[in-house]
$ cat start21.txt   # compact mmCIF, C-alpha atoms and all ligand atoms
# COMPACT_ATOMS: atom_id res chain seq x y z
CA MET A 1 -71.57 -23.16 91.23
CA ALA A 2 -69.92 -25.84 93.34
CA ALA A 3 -66.15 -25.92 93.16
CA MET A 4 -64.94 -29.11 91.54
CA SER A 5 -62.19 -30.87 93.40
CA ALA A 6 -62.30 -34.01 91.25
CA VAL A 7 -60.57 -32.51 88.26
CA SER A 8 -59.61 -34.20 85.05
CA GLY A 9 -56.05 -33.85 83.91
CA ARG A 10 -57.31 -32.44 80.62
CA ASP A 11 -59.21 -29.28 81.26
CA ALA A 12 -59.74 -28.81 84.99
CA GLY A 13 -63.42 -29.73 84.58
CA LEU A 14 -65.14 -32.58 86.37
CA ALA A 15 -63.64 -35.93 85.29
CA LEU A 16 -66.19 -37.94 83.27
CA VAL A 17 -66.37 -41.58 82.27
CA ASP A 18 -69.09 -41.80 79.63
CA HIS A 19 -70.30 -45.31 80.47
CA HIS A 20 -72.81 -45.64 77.63
CA VAL A 21 -71.96 -44.06 74.29
CA HIS A 22 -71.79 -44.95 70.60
CA GLY A 23 -69.57 -44.02 67.65
CA ILE A 24 -70.12 -41.12 65.26
CA LEU A 25 -71.44 -41.35 61.72
CA ALA A 26 -68.67 -41.55 59.16
CA GLY A 27 -68.72 -39.34 56.05
CA GLU A 28 -70.25 -35.96 55.22
CA LEU A 29 -73.77 -35.22 56.48
CA ASP A 30 -76.48 -33.16 54.75
CA GLN A 31 -79.23 -31.21 56.51
CA ALA A 32 -81.58 -34.21 56.68
CA ALA A 33 -78.89 -36.41 58.23
CA ILE A 34 -77.99 -33.76 60.81
CA GLU A 35 -81.65 -33.26 61.75
CA SER A 36 -82.36 -36.97 61.99
CA GLY A 37 -79.26 -37.27 64.21
CA LEU A 38 -81.11 -35.05 66.69
CA MET A 39 -84.08 -37.41 66.95
CA GLU A 40 -84.59 -40.81 68.54
CA SER A 41 -87.56 -41.41 66.22
CA SER A 42 -86.99 -43.13 62.91
CA PHE A 43 -89.78 -41.00 61.39
CA LEU A 44 -89.10 -37.56 59.92
CA PRO A 45 -90.75 -34.52 61.53
CA PRO A 46 -93.93 -33.25 59.75
CA PRO A 47 -93.27 -31.41 56.44
CA GLY A 48 -92.23 -27.79 56.93
CA THR A 49 -91.06 -28.30 60.52
CA SER A 50 -87.59 -28.80 61.99
CA ALA A 51 -86.10 -31.34 64.39
CA LEU A 52 -84.25 -28.37 65.89
CA ASP A 53 -87.52 -26.93 67.24
CA THR A 54 -87.06 -29.03 70.36
CA GLN A 55 -85.26 -28.70 73.68
CA LEU A 56 -82.38 -30.66 72.14
CA GLY A 57 -82.28 -28.40 69.07
CA PHE A 58 -82.20 -25.28 71.23
CA ALA A 59 -79.46 -26.81 73.40
CA VAL A 60 -77.39 -27.52 70.27
CA ARG A 61 -77.82 -23.89 69.15
CA ARG A 62 -76.96 -22.59 72.63
CA TRP A 63 -73.94 -24.73 73.49
CA CYS A 64 -72.64 -26.22 70.23
CA ALA A 65 -72.83 -23.12 68.02
CA PRO A 66 -69.83 -21.43 69.75
CA VAL A 67 -67.70 -24.54 69.11
CA LEU A 68 -68.33 -23.90 65.38
CA ASP A 69 -67.39 -20.18 65.79
CA LEU A 70 -71.04 -19.04 65.76
CA GLU A 71 -72.82 -16.88 68.32
CA PRO A 72 -74.74 -18.78 71.02
CA LEU A 73 -78.32 -19.43 69.82
CA ALA A 74 -77.41 -18.84 66.16
CA PRO A 75 -80.44 -19.62 63.94
CA ALA A 76 -80.85 -23.27 63.00
CA GLU A 77 -80.21 -22.56 59.28
CA ASP A 78 -76.90 -20.84 60.12
CA TYR A 79 -75.92 -23.72 62.36
CA ILE A 80 -76.57 -26.35 59.69
CA ARG A 81 -74.84 -24.28 56.99
CA ARG A 82 -71.72 -23.83 59.16
CA ARG A 83 -71.72 -27.49 60.18
CA ILE A 84 -71.75 -28.62 56.54
CA GLU A 85 -69.13 -26.02 55.56
CA LEU A 86 -66.70 -27.16 58.29
CA GLY A 87 -67.15 -30.82 57.36
CA SER A 88 -67.64 -33.90 59.50
CA ALA A 89 -63.99 -34.48 60.37
CA GLU A 90 -63.39 -30.96 61.69
CA ALA A 91 -66.72 -30.91 63.56
CA ALA A 92 -65.85 -34.28 65.15
CA ARG A 93 -62.38 -33.11 66.14
CA ARG A 94 -63.75 -29.96 67.79
CA PHE A 95 -66.68 -31.54 69.65
CA LEU A 96 -64.98 -34.74 70.76
CA THR A 97 -61.90 -33.01 72.15
CA ALA A 98 -63.99 -30.25 73.78
CA ALA A 99 -66.06 -32.94 75.55
CA ALA A 100 -62.81 -33.76 77.42
CA ALA A 101 -64.10 -37.11 78.64
CA ASP A 102 -61.69 -39.40 80.47
CA ALA A 103 -63.02 -42.59 78.87
CA TRP A 104 -65.74 -43.79 76.50
CA LEU A 105 -67.43 -47.15 77.16
CA VAL A 106 -68.76 -47.83 73.68
CA ASP A 107 -71.84 -49.92 72.84
CA THR A 108 -70.92 -51.50 69.51
CA GLY A 109 -74.23 -53.29 68.95
CA PHE A 110 -76.29 -50.62 67.15
CA GLN A 111 -75.74 -49.78 63.45
CA SER A 112 -72.10 -50.72 63.92
CA ASP A 113 -71.45 -50.57 60.16
CA ALA A 114 -72.52 -46.92 60.04
CA VAL A 115 -70.51 -45.51 62.94
CA THR A 116 -66.88 -45.37 64.06
CA THR A 117 -65.37 -48.26 66.00
CA PRO A 118 -64.14 -47.71 69.58
CA ASP A 119 -60.56 -47.39 68.27
CA GLU A 120 -61.61 -44.79 65.70
CA LEU A 121 -63.55 -42.83 68.33
CA ALA A 122 -60.49 -42.94 70.60
CA ALA A 123 -58.24 -41.67 67.79
CA LEU A 124 -60.61 -38.82 66.87
CA SER A 125 -61.05 -37.67 70.47
CA GLY A 126 -57.75 -38.49 72.16
CA THR A 127 -59.84 -40.27 74.81
CA PRO A 128 -59.42 -44.00 75.52
CA ALA A 129 -62.37 -46.18 74.49
CA ARG A 130 -63.44 -49.60 75.77
CA GLU A 131 -66.10 -51.90 74.38
CA VAL A 132 -69.47 -52.92 75.79
CA VAL A 133 -70.79 -55.93 73.87
CA ARG A 134 -74.46 -56.46 73.03
CA LEU A 135 -75.80 -59.87 73.96
CA GLU A 136 -78.41 -59.92 71.18
CA THR A 137 -75.67 -59.27 68.61
CA ILE A 138 -73.67 -62.23 69.93
CA ALA A 139 -76.76 -64.44 69.57
CA GLU A 140 -77.59 -63.17 66.07
CA ARG A 141 -74.03 -63.85 64.90
CA LEU A 142 -74.09 -67.29 66.46
CA ILE A 143 -77.37 -68.42 64.87
CA ARG A 144 -75.89 -67.69 61.39
CA SER A 145 -72.65 -69.51 62.17
CA GLY A 146 -73.89 -73.03 61.40
CA VAL A 147 -74.41 -73.95 65.06
CA GLY A 148 -77.00 -76.68 65.73
CA ALA A 149 -79.89 -76.39 68.18
CA ALA A 150 -78.28 -78.75 70.69
CA GLY A 151 -74.98 -76.86 70.62
CA TYR A 152 -76.46 -73.37 70.80
CA GLY A 153 -76.65 -73.03 74.60
CA ASP A 154 -73.00 -73.87 75.29
CA ALA A 155 -71.81 -71.95 72.23
CA ALA A 156 -73.64 -68.81 73.39
CA MET A 157 -72.07 -69.09 76.85
CA SER A 158 -68.61 -69.58 75.31
CA ALA A 159 -69.11 -66.54 73.06
CA VAL A 160 -70.07 -64.38 76.04
CA ARG A 161 -67.05 -65.62 78.02
CA ALA A 162 -64.80 -65.01 75.01
CA ALA A 163 -66.01 -61.40 74.73
CA ALA A 164 -65.25 -60.87 78.42
CA ALA A 165 -61.80 -62.42 77.99
CA SER A 166 -60.97 -60.25 74.98
CA GLY A 167 -61.30 -56.95 76.78
CA ALA A 168 -65.01 -56.04 76.92
CA VAL A 169 -65.73 -54.06 80.09
CA GLY A 170 -69.42 -54.98 80.19
CA PHE A 171 -72.46 -56.31 78.35
CA LYS A 172 -75.65 -54.67 77.16
CA THR A 173 -79.09 -56.12 76.56
CA VAL A 174 -81.91 -54.56 74.58
CA ALA A 175 -84.50 -56.90 76.11
CA ALA A 176 -86.66 -53.77 76.44
CA TYR A 177 -86.82 -53.65 72.63
CA ARG A 178 -87.41 -57.37 72.24
CA GLY A 179 -90.49 -58.06 74.34
CA GLY A 180 -90.00 -55.74 77.31
CA LEU A 181 -88.55 -55.75 80.80
CA ALA A 182 -91.18 -57.93 82.54
CA LEU A 183 -88.74 -60.82 82.22
CA ASP A 184 -89.40 -64.30 83.52
CA PRO A 185 -86.83 -64.19 86.33
CA ALA A 186 -85.71 -67.81 86.06
CA ARG A 187 -82.58 -68.97 84.29
CA PRO A 188 -83.86 -71.09 81.37
CA SER A 189 -83.17 -74.83 81.37
CA ALA A 190 -80.81 -76.42 78.84
CA ALA A 191 -83.76 -78.26 77.28
CA ASP A 192 -85.72 -75.01 76.85
CA VAL A 193 -82.67 -73.34 75.25
CA THR A 194 -82.23 -76.22 72.77
CA ALA A 195 -85.93 -76.14 71.83
CA ALA A 196 -85.90 -72.35 71.41
CA ALA A 197 -82.71 -72.44 69.32
CA GLY A 198 -84.31 -75.09 67.10
CA ARG A 199 -87.37 -72.87 66.53
CA TRP A 200 -85.15 -69.88 65.72
CA LEU A 201 -82.97 -71.91 63.34
CA ARG A 202 -86.06 -73.07 61.42
CA GLU A 203 -87.31 -69.46 61.21
CA THR A 204 -83.99 -68.17 59.90
CA GLU A 205 -84.04 -70.90 57.22
CA THR A 206 -87.60 -70.22 56.09
CA GLU A 207 -87.07 -66.45 56.15
CA ALA A 208 -83.63 -66.55 54.49
CA GLY A 209 -82.60 -63.11 53.23
CA THR A 210 -84.35 -61.12 55.97
CA PRO A 211 -82.15 -59.77 58.77
CA VAL A 212 -81.85 -62.09 61.76
CA ARG A 213 -83.34 -60.58 64.90
CA LEU A 214 -83.40 -62.24 68.30
CA GLU A 215 -86.91 -61.97 69.77
CA ASP A 216 -87.15 -65.31 71.54
CA GLN A 217 -87.60 -64.73 75.27
CA VAL A 218 -85.85 -67.95 76.32
CA LEU A 219 -82.73 -67.11 74.30
CA ILE A 220 -82.71 -63.48 75.44
CA ARG A 221 -82.77 -64.72 79.05
CA HIS A 222 -80.11 -67.30 78.29
CA GLY A 223 -77.79 -64.51 77.11
CA ILE A 224 -78.57 -62.40 80.16
CA TRP A 225 -77.72 -65.23 82.58
CA ALA A 226 -74.56 -66.06 80.64
CA ALA A 227 -73.49 -62.43 81.04
CA LEU A 228 -74.36 -62.42 84.75
CA ASP A 229 -72.04 -65.42 85.17
CA THR A 230 -69.06 -63.36 83.95
CA GLY A 231 -69.48 -60.81 86.75
CA LEU A 232 -69.02 -57.90 84.31
CA PRO A 233 -71.62 -55.12 84.59
CA LEU A 234 -74.76 -55.81 82.52
CA GLN A 235 -76.49 -52.77 81.02
CA PHE A 236 -80.25 -52.77 80.35
CA HIS A 237 -81.86 -50.26 78.03
CA ALA A 238 -84.78 -48.69 79.95
CA GLY A 239 -87.19 -45.83 79.23
CA PHE A 240 -86.79 -43.35 76.36
CA GLY A 241 -85.52 -44.97 73.20
CA ASP A 242 -86.45 -45.07 69.54
CA THR A 243 -89.74 -46.12 67.94
CA ASP A 244 -88.59 -49.74 67.95
CA SER A 245 -89.14 -49.93 71.72
CA SER A 246 -92.49 -49.79 73.51
CA LEU A 247 -92.07 -47.20 76.26
CA ALA A 248 -94.60 -48.84 78.56
CA ARG A 249 -92.68 -52.14 78.45
CA SER A 250 -89.38 -50.33 79.17
CA ASP A 251 -90.19 -49.27 82.74
CA PRO A 252 -87.29 -50.56 84.87
CA ALA A 253 -89.72 -51.31 87.72
CA LEU A 254 -90.84 -54.25 85.53
CA LEU A 255 -87.45 -55.84 86.29
CA HIS A 256 -88.35 -56.26 89.97
CA ASP A 257 -88.63 -60.09 89.96
CA PHE A 258 -85.51 -60.43 87.81
CA LEU A 259 -83.59 -58.15 90.19
CA LEU A 260 -84.65 -60.29 93.14
CA ALA A 261 -83.51 -63.42 91.27
CA SER A 262 -80.18 -61.93 90.12
CA GLN A 263 -79.25 -60.23 93.39
CA PRO A 264 -77.40 -63.23 94.90
CA ALA A 265 -75.03 -63.31 91.90
CA GLY A 266 -73.97 -59.76 92.78
CA THR A 267 -73.21 -58.83 89.15
CA PRO A 268 -73.85 -55.09 88.66
CA VAL A 269 -77.02 -54.30 86.68
CA MET A 270 -76.89 -50.90 85.01
CA LEU A 271 -80.21 -49.24 84.09
CA LEU A 272 -79.60 -46.89 81.15
CA HIS A 273 -81.49 -43.66 80.28
CA CYS A 274 -84.61 -44.59 82.27
CA TYR A 275 -86.53 -41.33 81.53
CA PRO A 276 -89.41 -40.79 82.26
CA TYR A 277 -88.97 -43.70 84.70
CA HIS A 278 -85.82 -42.25 86.28
CA ARG A 279 -87.59 -42.18 89.67
CA GLN A 280 -88.50 -45.87 89.27
CA ALA A 281 -84.87 -46.60 88.36
CA GLY A 282 -83.67 -44.64 91.39
CA THR A 283 -86.03 -46.71 93.52
CA MET A 284 -84.59 -49.97 92.13
CA ALA A 285 -81.04 -48.66 92.73
CA ASN A 286 -82.04 -47.76 96.27
CA LEU A 287 -83.53 -51.20 97.01
CA PHE A 288 -81.11 -53.56 95.27
CA PRO A 289 -77.39 -53.52 96.11
CA HIS A 290 -76.36 -54.60 92.58
CA VAL A 291 -78.45 -52.00 90.68
CA TYR A 292 -77.10 -48.75 89.20
CA MET A 293 -78.74 -46.13 86.99
CA ASP A 294 -78.14 -43.13 84.74
CA VAL A 295 -80.34 -40.53 83.05
CA GLY A 296 -78.03 -40.59 80.02
CA VAL A 297 -79.74 -39.60 76.83
CA ALA A 298 -82.57 -37.75 78.59
CA LEU A 299 -80.37 -34.89 79.78
CA ASN A 300 -79.48 -33.95 76.21
CA TYR A 301 -83.07 -34.30 75.02
CA VAL A 302 -84.75 -32.28 77.79
CA GLY A 303 -82.41 -29.33 77.18
CA ALA A 304 -83.24 -26.40 79.44
CA ARG A 305 -84.92 -28.79 81.92
CA SER A 306 -81.89 -31.07 82.32
CA ALA A 307 -80.91 -29.89 85.82
CA ALA A 308 -84.48 -30.55 87.01
CA VAL A 309 -84.43 -34.11 85.64
CA LEU A 310 -81.00 -34.76 87.16
CA ALA A 311 -82.28 -33.48 90.51
CA GLU A 312 -85.26 -35.86 90.29
CA ALA A 313 -82.95 -38.77 89.56
CA LEU A 314 -80.90 -37.81 92.63
CA GLU A 315 -83.93 -38.01 94.94
CA LEU A 316 -83.73 -41.71 95.76
CA THR A 317 -80.67 -43.01 93.90
CA PRO A 318 -77.80 -43.57 96.34
CA PHE A 319 -74.83 -41.44 95.31
CA HIS A 320 -72.66 -44.51 94.78
CA LYS A 321 -75.29 -45.89 92.34
CA MET A 322 -75.62 -43.16 89.69
CA LEU A 323 -73.36 -42.83 86.64
CA TYR A 324 -72.76 -40.34 83.88
CA SER A 325 -73.51 -41.21 80.27
CA SER A 326 -74.31 -39.23 77.13
CA ASP A 327 -75.73 -42.12 75.07
CA ALA A 328 -74.46 -40.00 72.17
CA PHE A 329 -74.92 -41.70 68.80
CA GLY A 330 -73.97 -40.44 65.36
CA LEU A 331 -73.42 -36.69 65.89
CA PRO A 332 -70.37 -35.61 67.95
CA GLU A 333 -72.48 -32.67 69.13
CA LEU A 334 -74.19 -35.17 71.44
CA HIS A 335 -70.91 -36.40 72.97
CA TYR A 336 -70.01 -32.76 73.69
CA LEU A 337 -73.44 -31.62 74.83
CA GLY A 338 -73.74 -34.54 77.26
CA ALA A 339 -70.38 -33.81 78.87
CA VAL A 340 -70.63 -30.04 79.24
CA GLY A 341 -74.29 -30.26 80.20
CA PHE A 342 -73.64 -32.82 82.94
CA ARG A 343 -70.77 -30.80 84.39
CA ARG A 344 -73.01 -27.73 84.47
CA ASP A 345 -76.07 -29.53 85.87
CA ILE A 346 -74.36 -31.49 88.64
CA ALA A 347 -72.67 -28.27 89.78
CA ALA A 348 -76.00 -26.40 89.74
CA VAL A 349 -77.98 -29.14 91.51
CA THR A 350 -75.47 -29.90 94.25
CA GLY A 351 -74.52 -26.21 94.51
CA ALA A 352 -78.13 -25.39 95.36
CA PHE A 353 -78.07 -27.95 98.18
CA VAL A 354 -74.88 -26.32 99.51
CA ALA A 355 -76.35 -22.83 99.21
CA GLU A 356 -79.35 -23.91 101.29
CA GLY A 357 -77.05 -25.27 103.98
CA LEU A 358 -78.26 -28.86 103.33
CA TRP A 359 -75.01 -30.30 102.00
CA SER A 360 -71.39 -29.44 102.70
CA ARG A 361 -69.23 -28.25 99.83
CA ASP A 362 -66.90 -31.19 100.35
CA ASP A 363 -69.79 -33.63 100.08
CA ALA A 364 -71.06 -31.91 96.93
CA ASP A 365 -67.64 -32.22 95.29
CA ARG A 366 -67.28 -35.82 96.38
CA VAL A 367 -70.72 -36.80 95.01
CA ALA A 368 -70.04 -35.05 91.68
CA GLY A 369 -66.76 -36.99 91.46
CA LEU A 370 -68.51 -40.30 92.15
CA ILE A 371 -71.26 -39.79 89.57
CA GLY A 372 -68.95 -38.28 86.96
CA ALA A 373 -66.30 -41.00 87.03
CA GLY A 374 -65.65 -42.67 90.38
CA ASN A 375 -68.63 -45.03 90.32
CA ALA A 376 -67.86 -46.13 86.75
CA ARG A 377 -64.19 -46.70 87.57
CA ARG A 378 -65.18 -48.87 90.53
CA VAL A 379 -67.99 -50.88 88.92
CA TYR A 380 -66.28 -51.47 85.52
CA GLN A 381 -62.91 -51.93 87.28
CA LEU A 382 -61.33 -49.54 84.79
CA ASP A 383 -58.19 -49.05 86.81
CA ALA A 384 -57.55 -52.79 87.00
CA SER A 385 -57.75 -53.41 83.26
ZN ZN B 1 -77.37 -46.10 73.45
$ encode --input "start21.txt" --output "structure tokens"
Amino acid sequence: MAAMSAVSGRDAGLALVDHHVHGILAGELDQAAIESGLMESSFLPPPGTSALDTQLGFAVRRWCAPVLDLEPLAPAEDYIRRRIELGSAEAARRFLTAAAADAWLVDTGFQSDAVTTPDELAALSGTPAREVVRLETIAERLIRSGVGAAGYGDAAMSAVRAAAASGAVGFKTVAAYRGGLALDPARPSAADVTAAAGRWLRETETEAGTPVRLEDQVLIRHGIWAALDTGLPLQFHAGFGDTDSSLARSDPALLHDFLLASQPAGTPVMLLHCYPYHRQAGTMANLFPHVYMDVGVALNYVGARSAAVLAEALELTPFHKMLYSSDAFGLPELHYLGAVGFRRDIAAVTGAFVAEGLWSRDDADRVAGLIGAGNARRVYQLDAS
């Protein structure tokens, strides 16, 4: 194991800024809710099977069971029984404090009514939380606000600027879920934005009562360019996600033309998750000076293979371009598992390079410090705000 020189003040582990994370589910959870919290899919597993019969389920039994006073690898039934017996509040307190993160950068755009706010997550964990605002949520709020088609473009830009001014540390787009990443690279014209807003307004009127969902490619791009103008980092969902997203359209290599077009602006573009396209993401990060990547959610989901996936991501990604995230949503197990797993994996991967005489120990420690927290602190300017 590589010695860690970049220590957090909290537990002498590697300092971690979790740059893409969500809140936890409020209220008590039953077995079905706990199992579905361990799946990206919105479908239940086949009858008679368990969501814990996965790499993620085994990782929860291996690493999370001891936090609940169980033996490592306790049977799934024992784990669920103990989890329910302890209750959500106690489980959250244990997992979130044991994660010992230095900061959470919280995406508030997904099921925000069901999960804790950034302030609540900060209070539960004792870890400061900052907000990352979803562009599609801004647009969906705006279209219901009574705005007219002609006023939409400027109003959307003002709303993005207002979010930046009120303390958001970055923006997130789920363009991958709303048509895919093969974006038209051009900034849309004002006339195109007005026409698209008019179409969307008519749809929301004729389909009154159904949830508003931004799918229009012109308006998605308008939001993206408005965010790029602020200079705050812009996160893109890429790769592994839920059943709402087509994996093939989530390959970050599809962003190539957009990355060429956005490069002169210099605004950081953060590719999230990326698996199984983490090598493509690393290639983009290698080629484009404004592109960063993480393997976020994948490291929890691939369980015993997480060090191998992290090593693959480190093949081409420059060391100043990779960040840590858990992408934990709903279950505090995932916030914990992401943090302890990353500390273990980065030590194992870089430690192997040191053992082979390929890296110095000082370089290994420095790179772990950059990926764990240093890169996020620099790109999100966390020390300035
Ligand atoms: Zn996420």
$ atom_distance --input "start21.txt" --atom1 "CA of His256 in chain A" --atom2 "CA of Gly231 in chain A"
19.7 Å
$ atom_distance --input "start21.txt" --atom1 "CA of Ala186 in chain A" --atom2 "CA of Ala139 in chain A"
19.1 Å
$ residues_near_ligand --input "start21.txt" --ligand "ligand ZN 1 (chain B)" --cutoff "9 Å" --atoms "all atoms listed in the file" --output "VMD selection string"
chain A and resid 20 to 22 106 to 107 110 237 241 272 to 273 296 to 297 326 to 329
$ write_last_selection --input "start21.txt" --atoms "C-alpha atoms" --output "short mmCIF file (atom, residue, chain, number, x, y, z; two decimals), keeping the file's coordinate frame"
data_model
loop_
_atom_site.label_atom_id
_atom_site.label_comp_id
_atom_site.auth_asym_id
_atom_site.auth_seq_id
_atom_site.Cartn_x
_atom_site.Cartn_y
_atom_site.Cartn_z
CA HIS A 20 -72.81 -45.64 77.63
CA VAL A 21 -71.96 -44.06 74.29
CA HIS A 22 -71.79 -44.95 70.60
CA VAL A 106 -68.76 -47.83 73.68
CA ASP A 107 -71.84 -49.92 72.84
CA PHE A 110 -76.29 -50.62 67.15
CA HIS A 237 -81.86 -50.26 78.03
CA GLY A 241 -85.52 -44.97 73.20
CA LEU A 272 -79.60 -46.89 81.15
CA HIS A 273 -81.49 -43.66 80.28
CA GLY A 296 -78.03 -40.59 80.02
CA VAL A 297 -79.74 -39.60 76.83
CA SER A 326 -74.31 -39.23 77.13
CA ASP A 327 -75.73 -42.12 75.07
CA ALA A 328 -74.46 -40.00 72.17
CA PHE A 329 -74.92 -41.70 68.80
#
$ residues_around --input "start21.txt" --residues "Lys321 in chain A" --least-positions-apart "5" --cutoff "8 Å" --atoms "all atoms listed in the file" --output "list in words"
Ala285, Val291, Tyr292, Met293, Ile371 and Asn375 of chain A
$ write_last_selection --input "start21.txt" --atoms "C-alpha atoms" --output "mmCIF file, keeping the file's coordinate frame"
data_model
loop_
_atom_site.group_PDB
_atom_site.id
_atom_site.type_symbol
_atom_site.label_atom_id
_atom_site.label_comp_id
_atom_site.auth_asym_id
_atom_site.auth_seq_id
_atom_site.Cartn_x
_atom_site.Cartn_y
_atom_site.Cartn_z
ATOM 1 C CA ALA A 285 -81.040 -48.660 92.730
ATOM 2 C CA VAL A 291 -78.450 -52.000 90.680
ATOM 3 C CA TYR A 292 -77.100 -48.750 89.200
ATOM 4 C CA MET A 293 -78.740 -46.130 86.990
ATOM 5 C CA ILE A 371 -71.260 -39.790 89.570
ATOM 6 C CA ASN A 375 -68.630 -45.030 90.320
#
$ residues_around --input "start21.txt" --residues "Glu203 in chain A" --least-positions-apart "5" --cutoff "12 Å" --atoms "all atoms listed in the file" --output "number ranges by chain"
A: 143-144, 196-198, 208-216
$ atom_distance --input "start21.txt" --atom1 "CA of Glu136 in chain A" --atom2 "CA of Asp294 in chain A"
21.6 Å
$ closest_residue --input "start21.txt" --among "A:Ala159, A:Leu337, A:Leu228, A:Ala384" --to "Ala65 in chain A" --atoms "all atoms listed in the file"
A:Leu337
$ closest_residue --input "start21.txt" --among "A:Thr317, A:Thr194, A:Ser250, A:Thr204" --to "Arg279 in chain A" --atoms "all atoms listed in the file"
A:Thr317
$ residues_around --input "start21.txt" --residues "Ala156 in chain A" --least-positions-apart "2" --cutoff "8 Å" --atoms "all atoms listed in the file" --output "PyMOL selection string"
chain A and resi 138-139+142+152-154+158-160+223+226
$ residues_around --input "start21.txt" --residues "Ala339 in chain A" --least-positions-apart "4" --cutoff "7 Å" --atoms "only C-alpha atoms" --output "list in words"
Ala99, Ser326, His335 and Arg343 of chain A
$ residues_around --input "start21.txt" --residues "Ala238 in chain A" --least-positions-apart "3" --cutoff "9 Å" --atoms "only C-alpha atoms" --output "ChimeraX atom specification"
/A:174,176,181,241,247,249-252,271-275,277,281
$ write_last_selection --input "start21.txt" --atoms "C-alpha atoms" --output "compact mmCIF listing (two decimals), keeping the file's coordinate frame"
# COMPACT_ATOMS: atom_id res chain seq x y z
CA VAL A 174 -81.91 -54.56 74.58
CA ALA A 176 -86.66 -53.77 76.44
CA LEU A 181 -88.55 -55.75 80.80
CA GLY A 241 -85.52 -44.97 73.20
CA LEU A 247 -92.07 -47.20 76.26
CA ARG A 249 -92.68 -52.14 78.45
CA SER A 250 -89.38 -50.33 79.17
CA ASP A 251 -90.19 -49.27 82.74
CA PRO A 252 -87.29 -50.56 84.87
CA LEU A 271 -80.21 -49.24 84.09
CA LEU A 272 -79.60 -46.89 81.15
CA HIS A 273 -81.49 -43.66 80.28
CA CYS A 274 -84.61 -44.59 82.27
CA TYR A 275 -86.53 -41.33 81.53
CA TYR A 277 -88.97 -43.70 84.70
CA ALA A 281 -84.87 -46.60 88.36
$ closest_residue --input "start21.txt" --among "A:Val169, A:Asn300, A:Pro185, A:Leu201" --to "Gln235 in chain A" --atoms "only C-alpha atoms"
A:Val169
$ closest_residue --input "start21.txt" --among "A:Ile80, A:Val115, A:Ala376, A:Ala15" --to "Gln31 in chain A" --atoms "all atoms listed in the file"
A:Ile80
$ closest_residue --input "start21.txt" --among "A:Asp192, A:Asp244, A:Asp362, A:Glu131" --to "Gly180 in chain A" --atoms "all atoms listed in the file"
A:Asp244
